[in-house]
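Peer 1: Sharing a structure, written as structure tokens. Questions coming.
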Amino acid sequence: MRPADTIAQLLFSLGLNSAAAVSFRNRLVNGGLAVNQRGAPNSPTVYEPGAFIRDRWRAGPTGCTAACATGPNGDTTLHIGAGSILQLIEGGFYLPEGGSYCLSWQGTAVGRVIAPDKFVDFAAGPVVVSGLRPGSDALVEFSLPPQAAPVSLRCAQLEPGSTPTVFERRDDELRRCRRYFIRLIEPPLRGVICGSVAGRCGMPLPVQMRAVPSASLSGALQVFDGTDIAAAESIAANYGTADWLEVDLQLVSPLNIGRPAVIFVSGQKGTIDLDAELQIV
């Protein structure tokens, strides 16, 4: 048998018999747990239900106690001391084909997949769920076995088929995460001064988000009108789209009407969060 035939048979047995399957196997976003735009701590922390631990990963319905550690190769391991963590997968974007999917991971956690009309009990990996509706959302959840000590989780993967394959490493996980959440630090906004408001301050977003995001400002942004400076501490209105941020910033003190509103890029203390996350119901 020729080597090429052997390789082809191996790829077929693993469900990797096409370029598309090879390059787009993992339907979890941030399965390596490295992206952390919200700056959640690595130290052991108690999270309320729904709070985000890492991008796309949030505490389960009873909350979670978790800590993270990054190895020399960059892999991040999540340690779960209580509760569970979960990710809601956007079915129309990441599960378009439906059918069978295999959930695999490294570590001692137990996992399961929940989808419409499908409920799989927690089990040691790999876990296979079949008959998923094409395009339907699904929930992946990891927890501790009953009476278990803290468990570990890393390199989580959900892929089509019933056979687990090697963890898919991608160089665009941050971009994928930004479809759902973006934290803008030192945003290069430009607008016009309307007295106590810096109006229509806008900038293009680095990616197109899943939907028009909500916008919130933490801290203060320094606004310059060419002569004077005032702090903006809240967002008065949001006119943004899925790929463009445009907001009115409420100023602590008025500036000169009609002048350009320039938000300094360097040394800003404020951040703007854009949230287009899927909601768990």
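Ligands are numbered from 1 in the order shown, residues from 1 within each chain, and chains are lettered A, B, ... in the order they appear in the structure tokens.
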Considering only C-alpha atoms, return as a ChimeraX atom specification whatever protein or nucleic-acid residues lie within 9 Å of segment 228-239 of chain A, sequence-local ones (same chain, fewer than 5 positions apart) excluded.
Peer 2: /A:197-200,214-223,244-256,270
Peer 1: Write out as a list of chain:residue names the residues lying within 7 Å of Pro160 of chain A, counting only C-alpha atoms and excluding same-chain residues fewer than 5 positions away.
Peer 2: A:Arg25, A:Ser100, A:Tyr101, A:Cys102
Peer 1: With all heavy atoms retained, could you export that selection as a PDB file, in the first residue's frame?
Peer 2:
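Once written, again.pdb looks like this:
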```
ATOM      1  N   ARG A  25     -12.529  22.248  12.565  1.00  0.00           N
ATOM      2  CA  ARG A  25     -13.068  21.142  13.350  1.00  0.00           C
ATOM      3  C   ARG A  25     -13.662  21.611  14.666  1.00  0.00           C
ATOM      4  O   ARG A  25     -14.743  21.180  15.049  1.00  0.00           O
ATOM      5  CB  ARG A  25     -11.960  20.112  13.612  1.00  0.00           C
ATOM      6  CG  ARG A  25     -11.555  19.327  12.382  1.00  0.00           C
ATOM      7  CD  ARG A  25     -10.461  18.325  12.690  1.00  0.00           C
ATOM      8  NE  ARG A  25      -9.192  18.975  12.964  1.00  0.00           N
ATOM      9  CZ  ARG A  25      -8.566  18.995  14.136  1.00  0.00           C
ATOM     10  NH1 ARG A  25      -9.098  18.375  15.170  1.00  0.00           N
ATOM     11  NH2 ARG A  25      -7.415  19.597  14.280  1.00  0.00           N
ATOM     12  N   SER A 100     -24.148  14.413  14.379  1.00  0.00           N
ATOM     13  CA  SER A 100     -23.382  13.956  15.532  1.00  0.00           C
ATOM     14  C   SER A 100     -22.160  14.839  15.770  1.00  0.00           C
ATOM     15  O   SER A 100     -21.506  15.268  14.810  1.00  0.00           O
ATOM     16  CB  SER A 100     -22.927  12.509  15.327  1.00  0.00           C
ATOM     17  OG  SER A 100     -24.027  11.637  15.251  1.00  0.00           O
ATOM     18  N   TYR A 101     -21.874  15.073  17.039  1.00  0.00           N
ATOM     19  CA  TYR A 101     -20.698  15.847  17.437  1.00  0.00           C
ATOM     20  C   TYR A 101     -20.017  15.150  18.607  1.00  0.00           C
ATOM     21  O   TYR A 101     -20.678  14.515  19.447  1.00  0.00           O
ATOM     22  CB  TYR A 101     -21.071  17.269  17.847  1.00  0.00           C
ATOM     23  CG  TYR A 101     -21.570  18.120  16.706  1.00  0.00           C
ATOM     24  CD1 TYR A 101     -22.907  18.069  16.328  1.00  0.00           C
ATOM     25  CD2 TYR A 101     -20.723  18.961  16.001  1.00  0.00           C
ATOM     26  CE1 TYR A 101     -23.385  18.835  15.274  1.00  0.00           C
ATOM     27  CE2 TYR A 101     -21.190  19.739  14.948  1.00  0.00           C
ATOM     28  CZ  TYR A 101     -22.520  19.671  14.593  1.00  0.00           C
ATOM     29  OH  TYR A 101     -22.974  20.430  13.549  1.00  0.00           O
ATOM     30  N   CYS A 102     -18.700  15.290  18.652  1.00  0.00           N
ATOM     31  CA  CYS A 102     -17.897  14.675  19.708  1.00  0.00           C
ATOM     32  C   CYS A 102     -17.249  15.765  20.545  1.00  0.00           C
ATOM     33  O   CYS A 102     -16.574  16.651  20.019  1.00  0.00           O
ATOM     34  CB  CYS A 102     -16.835  13.779  19.084  1.00  0.00           C
ATOM     35  SG  CYS A 102     -15.762  12.955  20.290  1.00  0.00           S
TER      36      CYS A 102
END
```
Peer 1: Using DSSP assignments from the backbone, pull out every residue in segment 18-264 of chain A that falls under strand (DSSP E or B) and give it to me as a ChimeraX atom specification.
Peer 2: /A:45-47,52-54,57-70,76-89,99-106,110-115,118-119,123,127-132,138-143,151-160,181-185,190-193,197-204,214-218,221-224,229-238,244-251,260-263
Peer 1: Per residue of segment 133-239 of chain A within 12 Å of segment 85-94 of chain A, note the shortest atom pair and the distance in Å to one decimal, counting only C-alpha atoms, and order the rows by chain and increasing residue number, as a Markdown table.
Peer 2:
```
| residue | atom | partner | partner_atom | distance |
| --- | --- | --- | --- | --- |
| A:Arg133 | CA | A:Gly91 | CA | 8.9 |
| A:Pro134 | CA | A:Gly91 | CA | 7.4 |
| A:Gly135 | CA | A:Gly92 | CA | 4.1 |
| A:Ser136 | CA | A:Gly91 | CA | 4.5 |
| A:Asp137 | CA | A:Gly91 | CA | 4.0 |
| A:Ala138 | CA | A:Ile89 | CA | 5.3 |
| A:Leu139 | CA | A:Leu88 | CA | 4.6 |
| A:Val140 | CA | A:Gln87 | CA | 5.3 |
| A:Glu141 | CA | A:Leu86 | CA | 4.2 |
| A:Phe142 | CA | A:Ile85 | CA | 5.5 |
| A:Ser143 | CA | A:Ile85 | CA | 6.7 |
| A:Leu144 | CA | A:Ile85 | CA | 10.1 |
| A:Val151 | CA | A:Ile85 | CA | 11.8 |
| A:Ser152 | CA | A:Ile85 | CA | 11.6 |
| A:Leu153 | CA | A:Ile85 | CA | 10.1 |
| A:Ala156 | CA | A:Gln87 | CA | 10.8 |
| A:Gln157 | CA | A:Gln87 | CA | 11.4 |
| A:Leu158 | CA | A:Ile89 | CA | 9.9 |
| A:Glu159 | CA | A:Tyr94 | CA | 9.8 |
| A:Pro160 | CA | A:Tyr94 | CA | 10.4 |
| A:Arg176 | CA | A:Tyr94 | CA | 11.0 |
| A:Cys177 | CA | A:Ile89 | CA | 11.7 |
| A:Arg179 | CA | A:Glu90 | CA | 10.8 |
| A:Tyr180 | CA | A:Glu90 | CA | 10.2 |
| A:Arg210 | CA | A:Glu90 | CA | 9.5 |
```
Peer 1: Select, from A:Cys68, A:Ile263, A:Ile114, A:Ala82, the residue with the minimum atom-to-atom distance to Gly32 of chain A, counting only C-alpha atoms.
Peer 2: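 Among the listed residues, the smallest separation from Gly32 of chain A belongs to A:Cys68.
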Peer 1: Leaving out Thr62 of chain A and any residue of its chain fewer than 4 positions from it, which residues lie within 10 Å of it when counting only C-alpha atoms, given as an mmCIF file with C-alpha atoms, in the first residue's frame?
Peer 2:
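The resulting out-v1.cif:
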```cif
data_model
loop_
_atom_site.group_PDB
_atom_site.id
_atom_site.type_symbol
_atom_site.label_atom_id
_atom_site.label_comp_id
_atom_site.auth_asym_id
_atom_site.auth_seq_id
_atom_site.Cartn_x
_atom_site.Cartn_y
_atom_site.Cartn_z
ATOM 1 C CA TYR A 47 -17.989 33.609 40.181
ATOM 2 C CA GLU A 48 -21.693 34.363 40.293
ATOM 3 C CA PRO A 49 -23.948 32.441 37.860
ATOM 4 C CA GLY A 50 -23.384 33.717 34.342
ATOM 5 C CA ALA A 82 -17.070 24.017 42.693
ATOM 6 C CA GLY A 83 -19.978 24.474 40.300
ATOM 7 C CA SER A 84 -19.513 24.391 36.538
ATOM 8 C CA ILE A 85 -18.459 26.416 33.514
#
```
Peer 1: Report as an NGL selection string: the residues of segment 169-279 of chain A with a DSSP assignment of helix (DSSP H, G or I), based on the backbone of this structure.
Peer 2: :A and (173-177)
Peer 1: What is the distance, in Å and to one decimal place, between atom CA of Val281 of chain A and atom CA of Phe119 of chain A?
Peer 2: 15.4 Å
